[in-house]
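Asks: What follows is coords_14.txt; its format and atoms are compact mmCIF, C-alpha atoms.
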# COMPACT_ATOMS: atom_id res chain seq x y z
CA MET D 272 -18.40 20.34 -16.93
CA LEU D 273 -19.60 20.22 -13.33
CA CYS D 274 -19.51 24.03 -13.01
CA PRO D 275 -23.29 24.42 -13.42
CA LEU D 276 -23.90 21.92 -10.62
CA VAL D 277 -21.21 23.31 -8.35
CA GLY D 278 -22.46 26.85 -8.90
CA LEU D 279 -26.02 25.84 -8.11
CA CYS D 280 -24.80 23.94 -5.08
CA GLY D 281 -22.98 27.03 -3.87
CA VAL D 282 -25.94 29.41 -4.05
CA ALA D 283 -28.70 27.00 -3.05
CA PRO D 284 -28.02 27.06 0.71
CA ALA D 285 -27.98 30.86 0.80
CA LEU D 286 -31.12 31.38 -1.29
CA ALA D 287 -33.09 28.52 0.21
CA GLN D 288 -32.27 29.49 3.77
CA ALA D 289 -34.97 31.52 5.40
CA PRO D 290 -34.70 32.32 9.11
CA PRO D 291 -35.29 29.06 11.00
CA ASP D 292 -39.00 28.42 11.30
CA ALA D 293 -39.93 29.93 14.60
CA VAL D 294 -41.84 28.06 17.23
CA VAL D 295 -44.52 30.49 18.42
CA SER D 296 -45.78 30.16 21.95
CA PRO D 297 -49.59 30.00 22.09
CA ALA D 298 -49.45 32.21 25.16
CA ASN D 299 -47.96 35.03 23.08
CA ASP D 300 -50.00 34.57 19.94
CA ALA D 301 -53.70 35.37 19.87
CA SER D 302 -54.09 33.49 16.59
CA ALA D 303 -53.10 30.27 18.33
CA ALA D 304 -56.74 29.78 19.25
CA THR D 305 -57.61 29.48 15.54
CA PRO D 306 -57.67 25.83 14.47
CA PRO D 307 -54.89 25.06 11.96
CA GLU D 308 -55.73 24.35 8.36
CA PRO D 309 -55.78 20.61 7.59
CA CYS D 310 -52.64 20.83 5.45
CA ASP D 311 -50.78 22.83 8.11
CA GLU D 312 -50.76 19.65 10.16
CA PHE D 313 -48.60 16.61 9.49
CA GLY D 314 -50.69 13.52 10.00
CA PHE D 315 -50.21 10.49 7.77
CA LEU D 316 -53.40 11.20 5.80
CA THR D 317 -52.01 14.56 4.66
CA LEU D 318 -49.83 12.55 2.26
CA PHE D 319 -53.00 11.97 0.24
CA ARG D 320 -55.44 14.77 0.99
CA CYS D 321 -52.87 17.58 0.63
CA ILE D 322 -51.42 16.71 -2.77
CA LEU D 323 -53.30 19.49 -4.60
CA HIS D 324 -52.53 21.93 -1.77
CA ASP D 325 -48.82 21.16 -2.06
CA VAL D 326 -48.85 21.40 -5.86
CA ALA D 327 -50.41 24.85 -5.54
CA GLY D 328 -47.55 25.80 -3.22
CA VAL D 329 -45.15 25.64 -6.15
CA GLY D 330 -46.76 28.89 -7.28
CA HIS D 331 -45.16 30.77 -4.40
CA ARG D 332 -42.58 33.32 -5.51
CA ARG D 333 -39.43 31.70 -4.17
CA SER D 334 -40.23 28.35 -5.80
CA LEU D 335 -41.09 30.05 -9.09
CA VAL D 336 -37.77 31.90 -8.97
CA TRP D 337 -35.94 28.58 -8.71
CA LEU D 338 -37.98 27.01 -11.50
CA GLY D 339 -37.26 29.98 -13.75
CA SER D 340 -33.58 29.90 -12.86
CA GLY D 341 -33.49 26.17 -13.53
CA ALA D 342 -35.09 26.64 -16.93
CA ALA D 343 -32.53 29.30 -17.84
CA LEU D 344 -29.66 27.14 -16.57
CA ALA D 345 -30.93 24.11 -18.46
CA ALA D 346 -31.26 26.17 -21.64
CA GLY D 347 -27.63 27.22 -21.31
CA SER D 348 -26.55 23.69 -20.47
CA ILE D 349 -28.02 22.35 -23.70
CA LEU D 350 -25.02 23.87 -25.48
CA LEU D 351 -22.79 21.44 -23.55
CA ASP D 352 -25.06 18.39 -23.65
CA ASP D 353 -23.32 16.59 -26.50
CA GLU D 354 -19.85 17.39 -25.22
CA VAL D 355 -20.64 16.14 -21.72
CA LYS D 356 -22.36 13.05 -23.12
CA ALA D 357 -19.25 12.14 -25.13
CA ALA D 358 -16.99 12.67 -22.11
CA MET D 359 -19.15 10.69 -19.66
CA THR D 360 -20.27 7.74 -21.80
CA ASP D 361 -18.76 4.55 -20.40
CA GLU D 362 -19.74 0.99 -21.24
CA GLN D 363 -18.57 -0.16 -17.80
CA PRO D 364 -19.60 2.38 -15.11
CA ASP D 365 -17.39 2.26 -12.03
CA ALA D 366 -18.66 1.51 -8.52
CA VAL D 367 -18.17 5.05 -7.20
CA LEU D 368 -20.46 6.57 -9.81
CA ALA D 369 -22.92 3.69 -9.45
CA ALA D 370 -23.46 4.75 -5.82
CA GLY D 371 -25.35 7.77 -7.15
CA GLU D 372 -28.03 5.41 -8.42
CA THR D 373 -28.68 4.23 -4.87
CA LEU D 374 -28.45 7.59 -3.13
CA GLY D 375 -30.86 9.26 -5.53
CA HIS D 376 -33.29 6.37 -5.82
CA ALA D 377 -36.92 7.11 -4.98
CA GLY D 378 -37.09 4.04 -2.76
CA LEU D 379 -34.50 5.54 -0.44
CA HIS D 380 -36.09 8.99 -0.32
CA PHE D 381 -39.49 7.53 0.49
CA GLY D 382 -38.30 4.60 2.58
CA ALA D 383 -36.03 6.46 5.00
CA PRO D 384 -38.62 9.06 6.10
CA LEU D 385 -41.31 6.38 6.28
CA ALA D 386 -39.11 4.26 8.56
CA ALA D 387 -38.34 7.34 10.65
CA TYR D 388 -42.07 8.06 10.92
CA VAL D 389 -42.87 4.54 12.13
CA ILE D 390 -40.08 4.69 14.72
CA ALA D 391 -41.10 8.15 15.89
CA ARG D 392 -44.75 7.19 16.30
CA ALA D 393 -43.80 3.99 18.11
CA THR D 394 -41.67 5.96 20.59
CA GLY D 395 -44.12 8.85 20.97
CA LYS D 396 -41.89 11.46 19.33
CA GLU D 397 -44.50 13.61 17.60
CA ASP D 398 -42.12 16.32 16.36
CA ALA D 399 -39.98 13.70 14.63
CA ALA D 400 -43.07 12.05 13.15
CA ALA D 401 -44.26 15.42 11.79
CA PHE D 402 -40.93 16.17 10.13
CA SER D 403 -40.90 12.70 8.59
CA ILE D 404 -44.32 13.37 7.08
CA ALA D 405 -43.07 16.72 5.77
CA LEU D 406 -40.23 14.91 4.00
CA LEU D 407 -42.65 12.37 2.55
CA ARG D 408 -45.05 15.07 1.34
CA MET D 409 -42.15 16.85 -0.27
CA GLN D 410 -41.07 13.69 -2.11
CA VAL D 411 -44.64 13.00 -3.26
CA LEU D 412 -44.71 16.51 -4.73
CA ASN D 413 -41.28 16.08 -6.29
CA ALA D 414 -42.26 12.76 -7.86
CA ALA D 415 -45.47 14.23 -9.27
CA LEU D 416 -43.72 17.23 -10.85
CA THR D 417 -40.75 15.22 -12.10
CA ARG D 418 -43.04 12.65 -13.76
CA GLY D 419 -45.07 15.45 -15.23
CA PHE D 420 -42.01 16.95 -16.90
CA LYS D 421 -41.02 13.49 -18.12
CA LEU D 422 -44.02 13.57 -20.41
CA LEU D 423 -41.79 15.72 -22.60
CA PRO D 424 -40.50 13.36 -25.32
CA ARG D 425 -36.77 13.54 -24.71
CA ALA D 426 -34.81 10.33 -25.21
CA ARG D 427 -32.03 9.41 -22.83
CA PRO D 428 -28.45 9.44 -24.17
CA TYR D 429 -28.57 5.71 -24.87
CA GLN D 430 -32.03 5.74 -26.55
CA GLU D 431 -33.20 6.42 -30.07
CA SER D 432 -36.66 7.53 -28.91
CA ALA D 433 -38.23 8.54 -25.60
CA THR D 434 -40.40 6.32 -23.41
CA LEU D 435 -43.56 8.05 -22.16
CA THR D 436 -43.25 9.17 -18.50
CA LYS D 437 -39.66 7.87 -18.46
CA GLY D 438 -37.98 10.52 -20.55
CA SER D 439 -34.57 11.92 -19.86
CA PHE D 440 -35.76 15.38 -18.74
CA PRO D 441 -35.37 16.07 -15.87
CA SER D 442 -33.17 13.86 -13.68
CA GLY D 443 -35.40 12.41 -10.95
CA HIS D 444 -32.46 11.23 -8.85
CA THR D 445 -31.05 14.75 -8.85
CA SER D 446 -34.36 16.45 -8.03
CA ALA D 447 -35.01 14.03 -5.14
CA MET D 448 -31.57 14.67 -3.65
CA PHE D 449 -31.76 18.46 -3.93
CA ALA D 450 -35.30 18.47 -2.51
CA THR D 451 -34.22 16.51 0.56
CA SER D 452 -31.12 18.68 0.93
CA THR D 453 -33.24 21.82 0.87
CA MET D 454 -35.52 20.50 3.61
CA LEU D 455 -32.52 19.55 5.77
CA GLN D 456 -30.91 22.93 5.15
CA ARG D 457 -34.08 24.79 6.10
CA ARG D 458 -34.38 22.83 9.33
CA TRP D 459 -30.76 22.62 10.49
CA GLY D 460 -29.06 25.41 8.55
CA TRP D 461 -25.60 25.31 7.00
CA GLN D 462 -24.34 22.45 9.16
CA ALA D 463 -26.72 20.10 7.37
CA GLY D 464 -27.15 22.07 4.16
CA VAL D 465 -23.57 22.32 2.93
CA PRO D 466 -22.73 18.57 3.08
CA ALA D 467 -26.21 17.69 1.82
CA TYR D 468 -25.94 19.96 -1.23
CA LEU D 469 -22.43 18.72 -1.98
CA LEU D 470 -23.69 15.15 -1.86
CA SER D 471 -26.57 16.17 -4.13
CA ALA D 472 -24.09 17.61 -6.62
CA TYR D 473 -22.21 14.31 -6.50
CA VAL D 474 -25.39 12.37 -7.29
CA GLY D 475 -26.17 14.76 -10.13
CA ALA D 476 -22.69 14.24 -11.55
CA THR D 477 -23.10 10.45 -11.47
CA ARG D 478 -26.31 10.74 -13.49
CA LEU D 479 -24.31 12.22 -16.35
CA GLN D 480 -22.72 8.83 -16.96
CA ASN D 481 -24.90 7.24 -19.64
CA MET D 482 -28.25 8.17 -18.02
CA HIS D 483 -28.86 11.92 -18.49
CA TYR D 484 -27.79 15.02 -20.34
CA LEU D 485 -26.30 17.94 -18.44
CA SER D 486 -29.45 20.02 -18.96
CA ASP D 487 -31.54 17.22 -17.39
CA VAL D 488 -29.39 17.37 -14.28
CA THR D 489 -29.21 21.14 -13.94
CA PHE D 490 -32.97 21.53 -14.20
CA GLY D 491 -33.51 18.56 -11.88
CA ALA D 492 -31.36 20.29 -9.26
CA ALA D 493 -33.34 23.54 -9.50
CA LEU D 494 -36.63 21.65 -9.45
CA GLY D 495 -35.56 19.88 -6.27
CA VAL D 496 -34.72 23.15 -4.53
CA ALA D 497 -38.05 24.65 -5.64
CA VAL D 498 -39.96 21.67 -4.26
CA GLY D 499 -37.97 21.67 -1.03
CA LEU D 500 -39.16 25.23 -0.36
CA VAL D 501 -42.87 24.41 -0.64
CA ILE D 502 -43.71 22.32 2.43
CA ASP D 503 -44.01 24.16 5.73
CA MET D 504 -41.49 23.20 8.37
CA PRO D 505 -42.83 21.47 11.51
CA GLY D 506 -40.80 20.85 14.65
CA LYS D 507 -37.36 19.32 14.91
CA GLY D 508 -37.22 15.78 13.60
CA PRO D 509 -34.86 13.09 12.38
CA ALA D 510 -31.83 13.89 10.26
CA VAL D 511 -31.54 11.51 7.31
CA THR D 512 -27.89 11.36 6.28
CA PRO D 513 -26.72 9.36 3.24
CA LEU D 514 -23.66 7.19 3.89
CA ILE D 515 -21.09 5.88 1.44
CA GLN D 516 -18.74 3.14 2.62
CA ARG D 517 -16.56 0.65 0.85
CA GLY D 518 -18.83 -1.96 -0.68
CA ALA D 519 -22.08 -0.44 0.61
CA THR D 520 -24.35 2.58 0.53
CA GLY D 521 -27.16 3.51 2.89
CA VAL D 522 -28.49 6.14 5.26
CA ALA D 523 -28.17 7.06 8.92
CA VAL D 524 -31.27 8.36 10.68
CA THR D 525 -30.42 10.53 13.69
CA PHE D 526 -33.11 11.69 16.11
CA ASP D 527 -32.77 14.89 18.13
CA PHE D 528 -35.61 15.38 20.59
CA GLY D 529 -34.11 18.19 22.61
CA PRO D 530 -35.75 21.63 22.74
CA SER D 531 -35.21 23.89 19.74
CA ALA D 532 -32.82 26.79 20.20
CA ASP D 533 -34.43 30.22 20.58
Represent the structure contained in this file as structure tokens.

Replies:
Amino acid sequence: MLCPLVGLCGVAPALAQAPPDAVVSPANDASAATPPEPCDEFGFLTLFRCILHDVAGVGHRRSLVWLGSGAALAAGSILLDDEVKAAMTDEQPDAVLAAGETLGHAGLHFGAPLAAYVIARATGKEDAAAFSIALLRMQVLNAALTRGFKLLPRARPYQESATLTKGSFPSGHTSAMFATSTMLQRRWGWQAGVPAYLLSAYVGATRLQNMHYLSDVTFGAALGVAVGLVIDMPGKGPAVTPLIQRGATGVAVTFDFGPSAD
């Protein structure tokens, strides 16, 4: 029943990976003299003034391809929704699956980049601060789109009727994880992308226990990848790595301030 997630996890790194965003030397680029557009920068205020700009970015072809693929995958997954629901329903969820609640929680995906931003600014690491803002802008966009889709009146597996803006479709935990994974994969390639996507698939699988239907999760995964492809990539920044240990879950934030490879 995890085949849709595993399949998506397998192709996401390859399709999301564009050549690493090049750092262009102003000395070799005549256009460097042109002031950048406001939303091409990564100051804190871009979190607010660039929301509409970032929403419009979803209209780019590669994001639309992922949204279309996610819709098709979700439509196919509906055929398995009831079967997966019956298999995954458990009155007493175990601790391993409960960790998915923490790893996919919006508080973590906003809090970790925000903390990284504060640390980077305090230590004068502008590239790291810019990447932290990129992650935050991406999560703002993901939250806006996910909440928008949740206006669809689909009840969760344990509900008789849907709650407005809190419907089952799509899985927000899954979309947040896949969005972050896509940003990490774009910046650091397969070394970061493969474990990040596998962890995202794990979180998606945990959401099938009592909380979501399979089609909610499959579309949430595709939505996350689509969103993760929207925000431009600034310089090298902090790597935010989820951690799972006995009795605790959390994240490790690793800073790399060395020069980018050519």

Asks: Using all atoms listed in the file, can you tell me which of D:Ala393, D:Leu455, D:Leu406, D:Tyr484 comes closest to D:Thr317?

Replies: D:Leu406

Asks: Please indicate the distance in Å from atom CA of D:Ala463 to atom CA of D:Ala450, rounded to one decimal place.

Replies: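 Between atom CA of D:Ala463 and atom CA of D:Ala450 the gap works out to 13.2 Å.
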
Asks: Of the residues D:Ala391, D:Met454, D:Val411, D:Ala497, which is the one nearest to D:Arg320, using all atoms listed in the file?

Replies: D:Val411

Asks: Give me the residues within 7 Å of D:Val474 as an MDAnalysis selection string, counting only C-alpha atoms and dropping any in the same chain fewer than 5 places off.

Replies: chainID D and resid 371 375 445

Asks: Extract, using all atoms listed in the file, all DNA, RNA and protein residues at most 12 Å from D:Ser486, discarding same-chain residues fewer than 4 positions from it, and format them as a ChimeraX atom specification.

Replies: /D:272-273,275-276,341-356,425,427-428,439-442,445,475-476,478-479,482,490-493

Asks: Keeping C-alpha atoms for every residue in the selection just given, could you write it to a file as a PDB file, in the coordinates of the input?

Replies:
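Generated file (again-v8.pdb):
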ATOM      1  CA  MET D 272     -18.400  20.340 -16.930  1.00  0.00           C
ATOM      2  CA  LEU D 273     -19.600  20.220 -13.330  1.00  0.00           C
ATOM      3  CA  PRO D 275     -23.290  24.420 -13.420  1.00  0.00           C
ATOM      4  CA  LEU D 276     -23.900  21.920 -10.620  1.00  0.00           C
ATOM      5  CA  GLY D 341     -33.490  26.170 -13.530  1.00  0.00           C
ATOM      6  CA  ALA D 342     -35.090  26.640 -16.930  1.00  0.00           C
ATOM      7  CA  ALA D 343     -32.530  29.300 -17.840  1.00  0.00           C
ATOM      8  CA  LEU D 344     -29.660  27.140 -16.570  1.00  0.00           C
ATOM      9  CA  ALA D 345     -30.930  24.110 -18.460  1.00  0.00           C
ATOM     10  CA  ALA D 346     -31.260  26.170 -21.640  1.00  0.00           C
ATOM     11  CA  GLY D 347     -27.630  27.220 -21.310  1.00  0.00           C
ATOM     12  CA  SER D 348     -26.550  23.690 -20.470  1.00  0.00           C
ATOM     13  CA  ILE D 349     -28.020  22.350 -23.700  1.00  0.00           C
ATOM     14  CA  LEU D 350     -25.020  23.870 -25.480  1.00  0.00           C
ATOM     15  CA  LEU D 351     -22.790  21.440 -23.550  1.00  0.00           C
ATOM     16  CA  ASP D 352     -25.060  18.390 -23.650  1.00  0.00           C
ATOM     17  CA  ASP D 353     -23.320  16.590 -26.500  1.00  0.00           C
ATOM     18  CA  GLU D 354     -19.850  17.390 -25.220  1.00  0.00           C
ATOM     19  CA  VAL D 355     -20.640  16.140 -21.720  1.00  0.00           C
ATOM     20  CA  LYS D 356     -22.360  13.050 -23.120  1.00  0.00           C
ATOM     21  CA  ARG D 425     -36.770  13.540 -24.710  1.00  0.00           C
ATOM     22  CA  ARG D 427     -32.030   9.410 -22.830  1.00  0.00           C
ATOM     23  CA  PRO D 428     -28.450   9.440 -24.170  1.00  0.00           C
ATOM     24  CA  SER D 439     -34.570  11.920 -19.860  1.00  0.00           C
ATOM     25  CA  PHE D 440     -35.760  15.380 -18.740  1.00  0.00           C
ATOM     26  CA  PRO D 441     -35.370  16.070 -15.870  1.00  0.00           C
ATOM     27  CA  SER D 442     -33.170  13.860 -13.680  1.00  0.00           C
ATOM     28  CA  THR D 445     -31.050  14.750  -8.850  1.00  0.00           C
ATOM     29  CA  GLY D 475     -26.170  14.760 -10.130  1.00  0.00           C
ATOM     30  CA  ALA D 476     -22.690  14.240 -11.550  1.00  0.00           C
ATOM     31  CA  ARG D 478     -26.310  10.740 -13.490  1.00  0.00           C
ATOM     32  CA  LEU D 479     -24.310  12.220 -16.350  1.00  0.00           C
ATOM     33  CA  MET D 482     -28.250   8.170 -18.020  1.00  0.00           C
ATOM     34  CA  PHE D 490     -32.970  21.530 -14.200  1.00  0.00           C
ATOM     35  CA  GLY D 491     -33.510  18.560 -11.880  1.00  0.00           C
ATOM     36  CA  ALA D 492     -31.360  20.290  -9.260  1.00  0.00           C
ATOM     37  CA  ALA D 493     -33.340  23.540  -9.500  1.00  0.00           C
TER      38      ALA D 493
END

Asks: In Å, rounded to a single decimal, give me how far atom CA of D:Ile502 is from atom CA of D:Ser334.

Replies: 10.8 Å

Asks: Write out as JSON, numbers by chain which residues come within 10 Å of D:Asn481 when counting only C-alpha atoms, dropping same-chain ones fewer than 4 positions away.

Replies: {"D": [356, 357, 358, 359, 360, 361, 362, 363, 364, 427, 428, 429, 477]}

Asks: So, with all atoms listed in the file as the atoms that count, which of D:Phe381, D:Trp337, D:Phe449, D:Phe420 lies closest to D:Ala405?

Replies: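 Ranked by minimum distance to D:Ala405, first place goes to D:Phe381.
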
Asks: Show me, as a compact mmCIF listing (two decimals) with C-alpha atoms, in the frame of the given file, the residues that have an atom within 10 Å of D:Val326 when counting all atoms listed in the file, minus same-chain residues fewer than 2 positions from it.

Replies:
# COMPACT_ATOMS: atom_id res chain seq x y z
CA CYS D 321 -52.87 17.58 0.63
CA ILE D 322 -51.42 16.71 -2.77
CA LEU D 323 -53.30 19.49 -4.60
CA HIS D 324 -52.53 21.93 -1.77
CA GLY D 328 -47.55 25.80 -3.22
CA VAL D 329 -45.15 25.64 -6.15
CA GLY D 330 -46.76 28.89 -7.28
CA MET D 409 -42.15 16.85 -0.27
CA VAL D 411 -44.64 13.00 -3.26
CA LEU D 412 -44.71 16.51 -4.73
CA ASN D 413 -41.28 16.08 -6.29
CA ALA D 415 -45.47 14.23 -9.27
CA LEU D 416 -43.72 17.23 -10.85
CA VAL D 498 -39.96 21.67 -4.26
CA VAL D 501 -42.87 24.41 -0.64
CA ILE D 502 -43.71 22.32 2.43

Asks: For atom CA of D:Leu407 and atom CA of D:His376, determine how far apart the two atoms are, in Å to one decimal place.

Replies: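 Rounded to one decimal, the two atoms are 13.9 Å apart.
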
Asks: Nearest to D:Leu385: which of D:Leu318, D:Ala327, D:Ala414, D:Met448 is it, counting only C-alpha atoms?

Replies: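 Of D:Leu318, D:Ala327, D:Ala414, D:Met448, the one nearest D:Leu385, counting only C-alpha atoms, is D:Leu318.
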
Asks: Closest to D:Asp398 among D:Phe313, D:Lys421, D:Leu368, D:Asp503, using only C-alpha atoms?

Replies: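 Checking each of D:Phe313, D:Lys421, D:Leu368, D:Asp503 against D:Asp398, counting only C-alpha atoms, the winner is D:Phe313.
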
Asks: Determine, counting all atoms listed in the file, which protein, DNA and RNA residues have an atom within 9 Å of an atom of D:Gly464; residues of the same chain fewer than 5 positions away are not included. Present the result as a list in words.

Replies: Ala283, Pro284, Ser452, Thr453, Met454, Leu455, Gln456, Arg457, Arg458, Trp459 and Leu469 of chain D

Asks: Nearest residue to D:Leu423 out of D:Gln410, D:Ala387, D:Lys437, D:Ala370, using all atoms listed in the file?

Replies: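 Closest to D:Leu423 of all the choices is D:Lys437.
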